[in-house]
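Shown next: start04.pdb, containing PDB, C-alpha atoms.
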ATOM      1  CA  MET A   1      88.384 134.566  -8.776
ATOM      2  CA  GLY A   2      86.037 131.757  -7.832
ATOM      3  CA  THR A   3      85.654 128.102  -6.955
ATOM      4  CA  PRO A   4      82.254 126.355  -7.305
ATOM      5  CA  GLU A   5      79.784 125.873 -10.142
ATOM      6  CA  PHE A   6      78.039 129.114  -9.123
ATOM      7  CA  ALA A   7      81.121 131.043 -10.276
ATOM      8  CA  VAL A   8      81.466 129.216 -13.605
ATOM      9  CA  GLU A   9      78.409 130.908 -15.104
ATOM     10  CA  SER A  10      79.926 134.364 -14.510
ATOM     11  CA  LEU A  11      83.258 133.315 -15.995
ATOM     12  CA  ASN A  12      81.490 131.768 -18.966
ATOM     13  CA  ILE A  13      79.503 134.907 -19.796
ATOM     14  CA  LEU A  14      82.742 136.917 -19.892
ATOM     15  CA  VAL A  15      84.466 134.376 -22.124
ATOM     16  CA  GLU A  16      81.499 134.018 -24.487
ATOM     17  CA  ASN A  17      81.246 137.799 -24.851
ATOM     18  CA  LYS A  18      84.948 138.094 -25.737
ATOM     19  CA  TYR A  19      86.135 139.942 -22.647
ATOM     20  CA  ASN A  20      89.878 139.581 -22.170
ATOM     21  CA  VAL A  21      90.124 137.193 -19.220
ATOM     22  CA  VAL A  22      93.856 137.268 -18.477
ATOM     23  CA  GLY A  23      93.751 134.829 -15.574
ATOM     24  CA  VAL A  24      91.639 132.669 -13.293
ATOM     25  CA  ILE A  25      92.379 132.278  -9.577
ATOM     26  CA  THR A  26      90.817 129.363  -7.733
ATOM     27  CA  MET A  27      91.408 127.090  -4.756
ATOM     28  CA  PRO A  28      94.138 124.408  -4.808
ATOM     29  CA  ASP A  29      93.128 120.901  -5.856
ATOM     30  CA  LYS A  30      92.078 118.708  -2.949
ATOM     31  CA  PRO A  31      91.431 114.984  -2.360
ATOM     32  CA  SER A  32      87.813 113.922  -2.665
ATOM     33  CA  GLY A  33      85.679 110.788  -2.836
ATOM     34  CA  ARG A  34      86.378 107.226  -1.782
ATOM     35  CA  GLY A  35      89.729 106.994  -3.494
ATOM     36  CA  HIS A  36      90.813 110.428  -2.244
ATOM     37  CA  LYS A  37      91.759 111.371  -5.782
ATOM     38  CA  MET A  38      92.801 114.954  -6.310
ATOM     39  CA  GLN A  39      89.864 116.997  -7.603
ATOM     40  CA  CYS A  40      90.013 120.449  -9.120
ATOM     41  CA  SER A  41      87.354 123.103  -8.674
ATOM     42  CA  ALA A  42      84.583 123.644 -11.204
ATOM     43  CA  VAL A  43      86.160 126.995 -12.086
ATOM     44  CA  LYS A  44      89.566 125.429 -12.773
ATOM     45  CA  GLN A  45      87.994 122.741 -14.934
ATOM     46  CA  TYR A  46      86.261 125.392 -17.027
ATOM     47  CA  ALA A  47      89.434 127.487 -17.255
ATOM     48  CA  LEU A  48      91.515 124.550 -18.485
ATOM     49  CA  GLU A  49      88.886 123.670 -21.100
ATOM     50  CA  HIS A  50      89.113 127.232 -22.421
ATOM     51  CA  ASN A  51      92.911 127.576 -22.203
ATOM     52  CA  LEU A  52      92.822 130.280 -19.537
ATOM     53  CA  PRO A  53      95.837 130.757 -17.225
ATOM     54  CA  VAL A  54      95.120 129.385 -13.732
ATOM     55  CA  LEU A  55      96.654 130.336 -10.386
ATOM     56  CA  GLN A  56      95.939 128.267  -7.266
ATOM     57  CA  PRO A  57      97.540 129.936  -4.253
ATOM     58  CA  GLU A  58      97.540 128.253  -0.861
ATOM     59  CA  LYS A  59      97.933 131.648   0.791
ATOM     60  CA  LEU A  60      96.841 134.898  -0.804
ATOM     61  CA  LYS A  61      99.719 136.892   0.727
ATOM     62  CA  GLU A  62     102.459 134.630  -0.655
ATOM     63  CA  GLU A  63     105.079 136.706  -2.472
ATOM     64  CA  SER A  64     105.225 134.241  -5.359
ATOM     65  CA  PHE A  65     101.459 134.494  -5.895
ATOM     66  CA  LEU A  66     101.455 138.290  -5.642
ATOM     67  CA  GLU A  67     104.198 138.494  -8.250
ATOM     68  CA  GLU A  68     102.282 136.180 -10.612
ATOM     69  CA  LEU A  69      99.142 138.215 -10.067
ATOM     70  CA  LYS A  70     100.949 141.479 -10.898
ATOM     71  CA  LEU A  71     102.332 139.939 -14.083
ATOM     72  CA  LEU A  72      98.769 139.305 -15.317
ATOM     73  CA  ASN A  73      98.417 143.104 -15.421
ATOM     74  CA  ALA A  74      94.640 142.909 -14.901
ATOM     75  CA  ASP A  75      92.552 146.087 -15.110
ATOM     76  CA  LEU A  76      89.833 144.568 -12.947
ATOM     77  CA  GLN A  77      89.328 141.607 -10.611
ATOM     78  CA  ILE A  78      85.971 139.854 -10.219
ATOM     79  CA  VAL A  79      85.200 137.649  -7.224
ATOM     80  CA  VAL A  80      82.375 135.084  -7.261
ATOM     81  CA  ALA A  81      82.212 132.558  -4.395
ATOM     82  CA  PHE A  82      85.903 132.630  -3.499
ATOM     83  CA  ARG A  83      87.773 133.610  -0.340
ATOM     84  CA  MET A  84      88.246 136.770   1.663
ATOM     85  CA  LEU A  85      90.973 138.767  -0.088
ATOM     86  CA  PRO A  86      93.724 140.783   1.618
ATOM     87  CA  GLU A  87      93.968 144.455   0.641
ATOM     88  CA  VAL A  88      97.195 143.860  -1.258
ATOM     89  CA  VAL A  89      95.150 141.704  -3.653
ATOM     90  CA  TRP A  90      91.829 143.560  -3.939
ATOM     91  CA  ASN A  91      93.508 146.936  -4.283
ATOM     92  CA  MET A  92      95.868 145.855  -7.067
ATOM     93  CA  PRO A  93      93.980 146.585 -10.341
ATOM     94  CA  GLN A  94      93.280 150.136 -11.528
ATOM     95  CA  TYR A  95      89.513 149.537 -11.506
ATOM     96  CA  GLY A  96      89.633 147.678  -8.189
ATOM     97  CA  THR A  97      87.846 144.427  -7.365
ATOM     98  CA  PHE A  98      84.146 143.725  -7.223
ATOM     99  CA  ASN A  99      82.262 140.776  -5.778
ATOM    100  CA  LEU A 100      79.009 139.082  -6.769
ATOM    101  CA  HIS A 101      77.139 138.116  -3.593
ATOM    102  CA  ALA A 102      73.968 135.998  -3.581
ATOM    103  CA  SER A 103      71.854 138.236  -1.338
ATOM    104  CA  LEU A 104      70.348 141.700  -1.150
ATOM    105  CA  LEU A 105      73.148 143.313   0.831
ATOM    106  CA  PRO A 106      73.441 144.457   3.546
ATOM    107  CA  GLN A 107      71.193 141.497   4.378
ATOM    108  CA  TYR A 108      72.755 138.045   4.632
ATOM    109  CA  ARG A 109      76.417 138.920   4.726
ATOM    110  CA  GLY A 110      78.433 135.743   5.049
ATOM    111  CA  ALA A 111      79.197 132.388   3.485
ATOM    112  CA  ALA A 112      75.710 130.882   3.008
ATOM    113  CA  PRO A 113      73.237 133.607   1.963
ATOM    114  CA  ILE A 114      70.982 131.407  -0.173
ATOM    115  CA  ASN A 115      70.538 128.814   2.553
ATOM    116  CA  TRP A 116      69.777 131.287   5.330
ATOM    117  CA  ALA A 117      67.307 133.336   3.290
ATOM    118  CA  ILE A 118      65.182 130.216   2.731
ATOM    119  CA  ILE A 119      65.675 128.884   6.277
ATOM    120  CA  ASN A 120      64.367 132.209   7.578
ATOM    121  CA  GLY A 121      61.294 132.001   5.348
ATOM    122  CA  GLU A 122      62.101 134.999   3.141
ATOM    123  CA  LYS A 123      59.744 135.612   0.211
ATOM    124  CA  GLU A 124      62.425 137.285  -1.895
ATOM    125  CA  THR A 125      66.180 137.428  -2.239
ATOM    126  CA  GLY A 126      68.544 138.536  -4.948
ATOM    127  CA  ALA A 127      72.128 139.291  -5.837
ATOM    128  CA  THR A 128      74.449 142.250  -5.387
ATOM    129  CA  THR A 129      77.659 143.388  -7.020
ATOM    130  CA  PHE A 130      79.799 145.564  -4.782
ATOM    131  CA  PHE A 131      83.346 146.856  -4.411
ATOM    132  CA  LEU A 132      85.583 144.959  -2.015
ATOM    133  CA  THR A 133      86.852 146.715   1.074
ATOM    134  CA  HIS A 134      88.373 145.725   4.418
ATOM    135  CA  GLU A 135      85.285 144.289   6.127
ATOM    136  CA  ILE A 136      83.677 141.297   4.426
ATOM    137  CA  ASP A 137      80.540 141.998   2.326
ATOM    138  CA  THR A 138      80.383 145.671   3.361
ATOM    139  CA  GLY A 139      81.665 147.566   0.289
ATOM    140  CA  LYS A 140      79.771 150.067  -1.836
ATOM    141  CA  ILE A 141      76.925 148.534  -3.838
ATOM    142  CA  ILE A 142      77.091 148.713  -7.642
ATOM    143  CA  LEU A 143      74.062 146.727  -8.820
ATOM    144  CA  GLN A 144      71.289 144.852  -7.056
ATOM    145  CA  GLU A 145      68.472 142.727  -8.487
ATOM    146  CA  LYS A 146      65.678 140.777  -6.780
ATOM    147  CA  ILE A 147      63.949 137.437  -7.339
ATOM    148  CA  ALA A 148      60.942 135.897  -5.588
ATOM    149  CA  ILE A 149      61.330 132.756  -3.476
ATOM    150  CA  ALA A 150      58.371 130.430  -4.028
ATOM    151  CA  ASP A 151      57.109 128.406  -1.067
ATOM    152  CA  THR A 152      58.249 125.244  -2.860
ATOM    153  CA  ASP A 153      61.718 126.510  -3.851
ATOM    154  CA  ASP A 154      64.704 124.843  -2.222
ATOM    155  CA  ALA A 155      68.296 126.083  -2.070
ATOM    156  CA  GLY A 156      69.177 124.288  -5.300
ATOM    157  CA  ILE A 157      66.422 126.033  -7.269
ATOM    158  CA  VAL A 158      67.265 129.477  -5.878
ATOM    159  CA  HIS A 159      70.987 128.823  -6.431
ATOM    160  CA  ASP A 160      70.412 128.165 -10.132
ATOM    161  CA  LYS A 161      68.198 131.244 -10.559
ATOM    162  CA  LEU A 162      70.774 133.492  -8.884
ATOM    163  CA  MET A 163      73.656 131.872 -10.773
ATOM    164  CA  SER A 164      72.128 132.863 -14.126
ATOM    165  CA  MET A 165      70.942 136.283 -12.985
ATOM    166  CA  GLY A 166      74.245 136.956 -11.249
ATOM    167  CA  ALA A 167      76.258 136.213 -14.375
ATOM    168  CA  GLU A 168      74.271 138.837 -16.289
ATOM    169  CA  MET A 169      74.882 141.267 -13.432
ATOM    170  CA  VAL A 170      78.625 140.605 -13.607
ATOM    171  CA  LYS A 171      78.612 141.491 -17.309
ATOM    172  CA  LYS A 172      76.538 144.656 -16.676
ATOM    173  CA  THR A 173      78.892 145.682 -13.877
ATOM    174  CA  VAL A 174      81.987 145.257 -16.059
ATOM    175  CA  ASP A 175      80.368 147.333 -18.811
ATOM    176  CA  LEU A 176      79.455 150.107 -16.371
ATOM    177  CA  LEU A 177      82.998 150.171 -15.014
ATOM    178  CA  MET A 178      84.467 150.350 -18.527
ATOM    179  CA  GLU A 179      82.169 153.288 -19.277
ATOM    180  CA  GLY A 180      83.120 155.044 -16.031
ATOM    181  CA  LYS A 181      79.497 155.162 -14.856
ATOM    182  CA  ILE A 182      79.895 153.724 -11.344
ATOM    183  CA  GLU A 183      80.505 155.371  -8.010
ATOM    184  CA  GLY A 184      78.739 152.863  -5.781
ATOM    185  CA  ILE A 185      76.188 153.350  -3.005
ATOM    186  CA  ASP A 186      77.268 153.065   0.622
ATOM    187  CA  GLN A 187      75.494 150.162   2.364
ATOM    188  CA  SER A 188      74.603 152.439   5.274
ATOM    189  CA  GLN A 189      71.928 153.973   3.012
ATOM    190  CA  PHE A 190      70.101 150.612   3.091
ATOM    191  CA  ILE A 191      70.151 150.407   6.896
ATOM    192  CA  HIS A 192      67.430 152.222   8.848
ATOM    193  CA  PRO A 193      66.661 152.280  12.588
ATOM    194  CA  GLU A 194      64.019 149.563  12.138
ATOM    195  CA  THR A 195      66.264 147.400   9.925
ATOM    196  CA  GLU A 196      67.106 143.974  11.363
ATOM    197  CA  LEU A 197      70.284 142.764   9.704
ATOM    198  CA  LYS A 198      70.324 138.991   9.253
ATOM    199  CA  ALA A 199      73.601 137.112   8.897
ATOM    200  CA  ALA A 200      74.523 134.125   6.725
ATOM    201  CA  PRO A 201      77.264 132.275   8.615
ATOM    202  CA  LYS A 202      78.966 129.160   7.337
ATOM    203  CA  ILE A 203      76.932 125.985   7.774
ATOM    204  CA  PHE A 204      78.322 122.943   9.590
ATOM    205  CA  LYS A 205      76.903 119.467  10.194
ATOM    206  CA  GLU A 206      75.630 120.394  13.646
ATOM    207  CA  THR A 207      73.861 123.419  12.112
ATOM    208  CA  CYS A 208      71.754 121.042  10.021
ATOM    209  CA  GLU A 209      69.998 119.097  12.793
ATOM    210  CA  ILE A 210      66.212 119.401  12.910
ATOM    211  CA  GLN A 211      64.958 120.191  16.423
ATOM    212  CA  LEU A 212      61.715 118.623  17.663
ATOM    213  CA  SER A 213      60.858 121.837  19.545
ATOM    214  CA  TRP A 214      60.379 123.746  16.285
ATOM    215  CA  THR A 215      57.121 124.609  14.520
ATOM    216  CA  ILE A 216      56.290 122.812  11.273
ATOM    217  CA  ASP A 217      56.821 126.052   9.311
ATOM    218  CA  LYS A 218      60.341 126.339  10.681
ATOM    219  CA  VAL A 219      61.114 122.681   9.926
ATOM    220  CA  TYR A 220      59.700 122.958   6.395
ATOM    221  CA  ASN A 221      61.796 126.057   5.610
ATOM    222  CA  PHE A 222      64.847 124.490   7.239
ATOM    223  CA  VAL A 223      64.609 121.414   4.994
ATOM    224  CA  ARG A 224      64.188 123.574   1.871
ATOM    225  CA  GLY A 225      67.044 125.845   2.869
ATOM    226  CA  LEU A 226      69.496 122.960   3.168
ATOM    227  CA  SER A 227      68.354 120.925   0.148
ATOM    228  CA  PRO A 228      70.003 119.428  -1.826
ATOM    229  CA  TYR A 229      73.222 120.215   0.069
ATOM    230  CA  PRO A 230      74.298 119.780   2.805
ATOM    231  CA  ALA A 231      70.795 118.522   3.796
ATOM    232  CA  ALA A 232      68.884 118.721   7.061
ATOM    233  CA  TRP A 233      69.006 115.640   9.283
ATOM    234  CA  ILE A 234      67.189 114.125  12.229
ATOM    235  CA  ASP A 235      67.588 111.060  14.453
ATOM    236  CA  LEU A 236      64.463 108.897  14.341
ATOM    237  CA  GLN A 237      63.331 105.518  15.621
ATOM    238  CA  PHE A 238      60.796 103.992  13.264
ATOM    239  CA  PRO A 239      58.118 101.646  14.615
ATOM    240  CA  GLY A 240      59.429  98.083  14.725
ATOM    241  CA  GLN A 241      63.086  99.191  14.585
ATOM    242  CA  SER A 242      65.347  98.717  17.614
ATOM    243  CA  ASP A 243      67.892 101.418  16.723
ATOM    244  CA  ASN A 244      67.713 105.084  15.869
ATOM    245  CA  MET A 245      68.383 106.090  12.279
ATOM    246  CA  THR A 246      70.014 109.374  11.250
ATOM    247  CA  LEU A 247      67.986 110.426   8.259
ATOM    248  CA  LYS A 248      68.816 113.222   5.835
ATOM    249  CA  VAL A 249      65.656 115.000   4.687
ATOM    250  CA  PHE A 250      65.644 116.646   1.251
ATOM    251  CA  GLU A 251      61.944 117.214   0.735
ATOM    252  CA  SER A 252      58.986 117.425   3.083
ATOM    253  CA  GLU A 253      55.417 118.675   3.377
ATOM    254  CA  LYS A 254      53.822 120.417   6.326
ATOM    255  CA  GLU A 255      50.483 119.321   7.697
ATOM    256  CA  PRO A 256      48.988 121.735  10.273
ATOM    257  CA  GLU A 257      46.858 119.758  12.717
ATOM    258  CA  GLN A 258      45.989 119.723  16.391
ATOM    259  CA  HIS A 259      46.952 116.431  17.997
ATOM    260  CA  ASN A 260      47.794 114.881  21.349
ATOM    261  CA  MET A 261      50.779 112.810  20.248
ATOM    262  CA  PRO A 262      54.171 113.260  21.900
ATOM    263  CA  VAL A 263      56.511 115.421  19.802
ATOM    264  CA  GLY A 264      58.734 113.186  17.681
ATOM    265  CA  THR A 265      56.164 110.399  17.239
ATOM    266  CA  ILE A 266      56.392 108.772  13.809
ATOM    267  CA  VAL A 267      53.112 107.929  12.078
ATOM    268  CA  THR A 268      53.576 105.536   9.170
ATOM    269  CA  ASP A 269      51.846 102.806   7.200
ATOM    270  CA  GLY A 270      55.225 101.122   6.681
ATOM    271  CA  LYS A 271      54.716 101.224   2.913
ATOM    272  CA  LYS A 272      54.202 104.662   1.428
ATOM    273  CA  PHE A 273      54.213 107.446   3.965
ATOM    274  CA  ALA A 274      55.763 108.561   7.228
ATOM    275  CA  LYS A 275      55.246 111.771   9.159
ATOM    276  CA  ILE A 276      56.703 113.218  12.346
ATOM    277  CA  ALA A 277      54.641 114.895  15.063
ATOM    278  CA  PHE A 278      55.613 118.444  16.046
ATOM    279  CA  THR A 279      53.860 120.852  18.399
ATOM    280  CA  ASP A 280      51.521 122.340  15.776
ATOM    281  CA  GLY A 281      51.140 119.507  13.280
ATOM    282  CA  PHE A 282      53.088 116.995  11.253
ATOM    283  CA  ILE A 283      55.973 117.029   8.805
ATOM    284  CA  GLN A 284      55.560 114.457   6.053
ATOM    285  CA  LEU A 285      58.816 112.966   4.851
ATOM    286  CA  LYS A 286      59.080 112.855   1.061
ATOM    287  CA  SER A 287      62.678 112.513  -0.140
ATOM    288  CA  VAL A 288      65.249 111.138   2.305
ATOM    289  CA  GLN A 289      68.606 109.395   2.614
ATOM    290  CA  ALA A 290      69.555 106.755   5.167
ATOM    291  CA  PRO A 291      73.183 106.028   6.120
ATOM    292  CA  GLY A 292      74.974 104.138   3.378
ATOM    293  CA  LYS A 293      72.054 104.546   0.970
ATOM    294  CA  LYS A 294      71.265 106.820  -1.948
ATOM    295  CA  ARG A 295      68.608 109.509  -1.850
ATOM    296  CA  MET A 296      65.170 107.946  -2.258
ATOM    297  CA  ASP A 297      61.435 108.374  -1.823
ATOM    298  CA  ILE A 298      60.259 107.639   1.724
ATOM    299  CA  GLY A 299      58.171 104.723   0.451
ATOM    300  CA  GLU A 300      61.227 103.026  -0.969
ATOM    301  CA  LEU A 301      63.017 103.382   2.356
ATOM    302  CA  LEU A 302      60.043 102.018   4.310
ATOM    303  CA  ARG A 303      59.660  99.001   2.070
ATOM    304  CA  GLY A 304      63.379  98.265   2.405
ATOM    305  CA  MET A 305      63.046  98.217   6.195
ATOM    306  CA  ARG A 306      60.416  95.477   6.220
TER     307      ARG A 306
END

Encoding of this model in structure tokens:
Amino acid sequence: MGTPEFAVESLNILVENKYNVVGVITMPDKPSGRGHKMQCSAVKQYALEHNLPVLQPEKLKEESFLEELKLLNADLQIVVAFRMLPEVVWNMPQYGTFNLHASLLPQYRGAAPINWAIINGEKETGATTFFLTHEIDTGKIILQEKIAIADTDDAGIVHDKLMSMGAEMVKKTVDLLMEGKIEGIDQSQFIHPETELKAAPKIFKETCEIQLSWTIDKVYNFVRGLSPYPAAWIDLQFPGQSDNMTLKVFESEKEPEQHNMPVGTIVTDGKKFAKIAFTDGFIQLKSVQAPGKKRMDIGELLRGMR
């Protein structure tokens, strides 16, 4: 059960290792792009290419879907980047249902764990497989593995690392279940009095706005955590321009420096570089996107404005 590219790697490792995948459940096709053509999910595309049965329920409690699901007679259900399942679904197979989550649970429960870990400046993250239960992302932990987050890593880089590592974890988890070697560890054992649990709520456009009151460290991590998608943005007025421009920022550099410039001042040579003044230094813009334009180097944008 999955939707985006992140889930394809886990499905692929099962198929390539000859596990009996009796069905694939993914989201319904939806219109996308300029022509609003119907687009299927990455998981469905993979499933069709490998002749796997596909179910695409609108509602997970629909009787017709539940009947189709029962007919698959699955021993185990695996969830990777899908939807919250009702108990009637996750409790159906004899071995239950487990989920691959892209964080070190119980930290970063929610829809966007990779983004929030980087936004919050974490130095490590990881992935967890766990049994589904009533409350989202709270079930007993099966496996957990860590990776480091480099200071230059963005969400795309960490996504790809966890996608590959997570697929291997899915395979290991299936093998352990088949061998009857799993009981699971209650997440309460990972929570201590001094533990601060951080959430990973869904990200919306308004979530992505850079605030001029922030420190340069916070801005730098914010840009990395939202790159390449959905991307941080900020409204700026460049020197010589009469109107503000809403600029998506995909890559930046931080430049600690004491200065007396008003926060939000843009320093630029109009050719190659532009940086924004914050309270404790500057953020250099590197890779950006202006409305109606493709992603480009800041120099290319500046030269196009002349």

**Study point:** Residue neighbourhood segment 158-173 of chain A, 8 Å, only C-alpha atoms, exclusion window fewer than 3 positions, as an MDAnalysis selection string
**Key:** chainID A and resid 6:7 9:11 13:14 100 102 114 126:129 142:143 149 153:155 176:177

Exercise for review: Have a look at atom CA of Ser252 of chain A and atom CA of Val223 of chain A and let me know their distance in Å, one decimal.
Suggested key: 7.2 Å

**Study point:** Contact residues around Lys140 of chain A with all atoms listed in the file at 8 Å, ignoring same-chain residues under 6 positions, as a ChimeraX atom specification
**Key:** /A:130-132,184-187

Check your understanding: Residues picked by the PyMOL selection byres ((chain A and resi 267-272) around 7) here, as number ranges by chain?
Key -> A: 265-266, 273-276, 298-299, 302-303

Could the residues in this selection be written to a file with C-alpha atoms, as a short mmCIF file (atom, residue, chain, number, x, y, z; two decimals), keeping the file's coordinate frame?
data_model
loop_
_atom_site.label_atom_id
_atom_site.label_comp_id
_atom_site.auth_asym_id
_atom_site.auth_seq_id
_atom_site.Cartn_x
_atom_site.Cartn_y
_atom_site.Cartn_z
CA THR A 265 56.16 110.40 17.24
CA ILE A 266 56.39 108.77 13.81
CA PHE A 273 54.21 107.45 3.96
CA ALA A 274 55.76 108.56 7.23
CA LYS A 275 55.25 111.77 9.16
CA ILE A 276 56.70 113.22 12.35
CA ILE A 298 60.26 107.64 1.72
CA GLY A 299 58.17 104.72 0.45
CA LEU A 302 60.04 102.02 4.31
CA ARG A 303 59.66 99.00 2.07
#

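Taking atom CA of Pro106 of chain A and atom CA of Glu196 of chain A as endpoints, the distance between them is 10.1 Å.
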
Compile the contact shell of Gln107 of chain A as a short mmCIF file (atom, residue, chain, number, x, y, z; two decimals) with C-alpha atoms, in the frame of the given file: residues with an atom at most 9 Å away, counting all atoms listed in the file, same-chain residues fewer than 3 positions apart removed.
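File produced: result10.cif:
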data_model
loop_
_atom_site.label_atom_id
_atom_site.label_comp_id
_atom_site.auth_asym_id
_atom_site.auth_seq_id
_atom_site.Cartn_x
_atom_site.Cartn_y
_atom_site.Cartn_z
CA SER A 103 71.85 138.24 -1.34
CA LEU A 104 70.35 141.70 -1.15
CA PRO A 113 73.24 133.61 1.96
CA GLU A 196 67.11 143.97 11.36
CA LEU A 197 70.28 142.76 9.70
CA LYS A 198 70.32 138.99 9.25
CA ALA A 199 73.60 137.11 8.90
CA ALA A 200 74.52 134.12 6.72
#

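Contact shell of Thr97 of chain A at 10 Å (only C-alpha atoms; same-chain neighbours under 5 positions omitted): Met1, Asp75, Leu76, Gln77, Ile78, Val79, Leu85, Val89, Trp90, Asn91, Met92, Phe130, Phe131, Leu132 and Thr133 of chain A.
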
Pull C-alpha atoms for segment 166-207 of chain A from the block and write them as a PDB file, in the first residue's frame.
ATOM      1  CA  GLY A 166      13.896   1.696   3.972  1.00  0.00           C
ATOM      2  CA  ALA A 167      13.381  -0.813   1.176  1.00  0.00           C
ATOM      3  CA  GLU A 168      16.034  -3.075   2.707  1.00  0.00           C
ATOM      4  CA  MET A 169      14.312  -2.681   6.072  1.00  0.00           C
ATOM      5  CA  VAL A 170      10.984  -3.712   4.542  1.00  0.00           C
ATOM      6  CA  LYS A 171      12.575  -6.909   3.225  1.00  0.00           C
ATOM      7  CA  LYS A 172      14.239  -7.628   6.607  1.00  0.00           C
ATOM      8  CA  THR A 173      10.939  -7.041   8.395  1.00  0.00           C
ATOM      9  CA  VAL A 174       9.050  -9.435   6.110  1.00  0.00           C
ATOM     10  CA  ASP A 175      11.714 -12.102   6.653  1.00  0.00           C
ATOM     11  CA  LEU A 176      11.555 -11.686  10.433  1.00  0.00           C
ATOM     12  CA  LEU A 177       7.772 -11.976  10.374  1.00  0.00           C
ATOM     13  CA  MET A 178       7.929 -15.128   8.235  1.00  0.00           C
ATOM     14  CA  GLU A 179      10.377 -16.631  10.731  1.00  0.00           C
ATOM     15  CA  GLY A 180       8.171 -15.672  13.687  1.00  0.00           C
ATOM     16  CA  LYS A 181      10.959 -13.636  15.301  1.00  0.00           C
ATOM     17  CA  ILE A 182       9.091 -10.379  15.980  1.00  0.00           C
ATOM     18  CA  GLU A 183       7.155  -9.172  18.980  1.00  0.00           C
ATOM     19  CA  GLY A 184       7.772  -5.448  18.620  1.00  0.00           C
ATOM     20  CA  ILE A 185       8.917  -2.851  21.149  1.00  0.00           C
ATOM     21  CA  ASP A 186       6.401  -0.438  22.649  1.00  0.00           C
ATOM     22  CA  GLN A 187       7.224   3.174  21.708  1.00  0.00           C
ATOM     23  CA  SER A 188       6.838   4.219  25.342  1.00  0.00           C
ATOM     24  CA  GLN A 189      10.244   2.598  25.976  1.00  0.00           C
ATOM     25  CA  PHE A 190      11.811   5.303  23.769  1.00  0.00           C
ATOM     26  CA  ILE A 191      10.153   8.153  25.680  1.00  0.00           C
ATOM     27  CA  HIS A 192      11.823   9.420  28.861  1.00  0.00           C
ATOM     28  CA  PRO A 193      10.940  12.350  31.144  1.00  0.00           C
ATOM     29  CA  GLU A 194      13.479  14.571  29.359  1.00  0.00           C
ATOM     30  CA  THR A 195      12.345  13.489  25.872  1.00  0.00           C
ATOM     31  CA  GLU A 196      10.918  16.287  23.714  1.00  0.00           C
ATOM     32  CA  LEU A 197       8.721  14.711  21.068  1.00  0.00           C
ATOM     33  CA  LYS A 198       8.814  16.632  17.791  1.00  0.00           C
ATOM     34  CA  ALA A 199       5.964  16.362  15.300  1.00  0.00           C
ATOM     35  CA  ALA A 200       5.998  16.263  11.495  1.00  0.00           C
ATOM     36  CA  PRO A 201       2.685  17.782  10.389  1.00  0.00           C
ATOM     37  CA  LYS A 202       1.633  18.135   6.783  1.00  0.00           C
ATOM     38  CA  ILE A 203       3.239  21.059   4.972  1.00  0.00           C
ATOM     39  CA  PHE A 204       1.162  23.709   3.197  1.00  0.00           C
ATOM     40  CA  LYS A 205       2.136  26.720   1.088  1.00  0.00           C
ATOM     41  CA  GLU A 206       1.845  29.097   4.031  1.00  0.00           C
ATOM     42  CA  THR A 207       4.146  26.793   6.038  1.00  0.00           C
TER      43      THR A 207
END
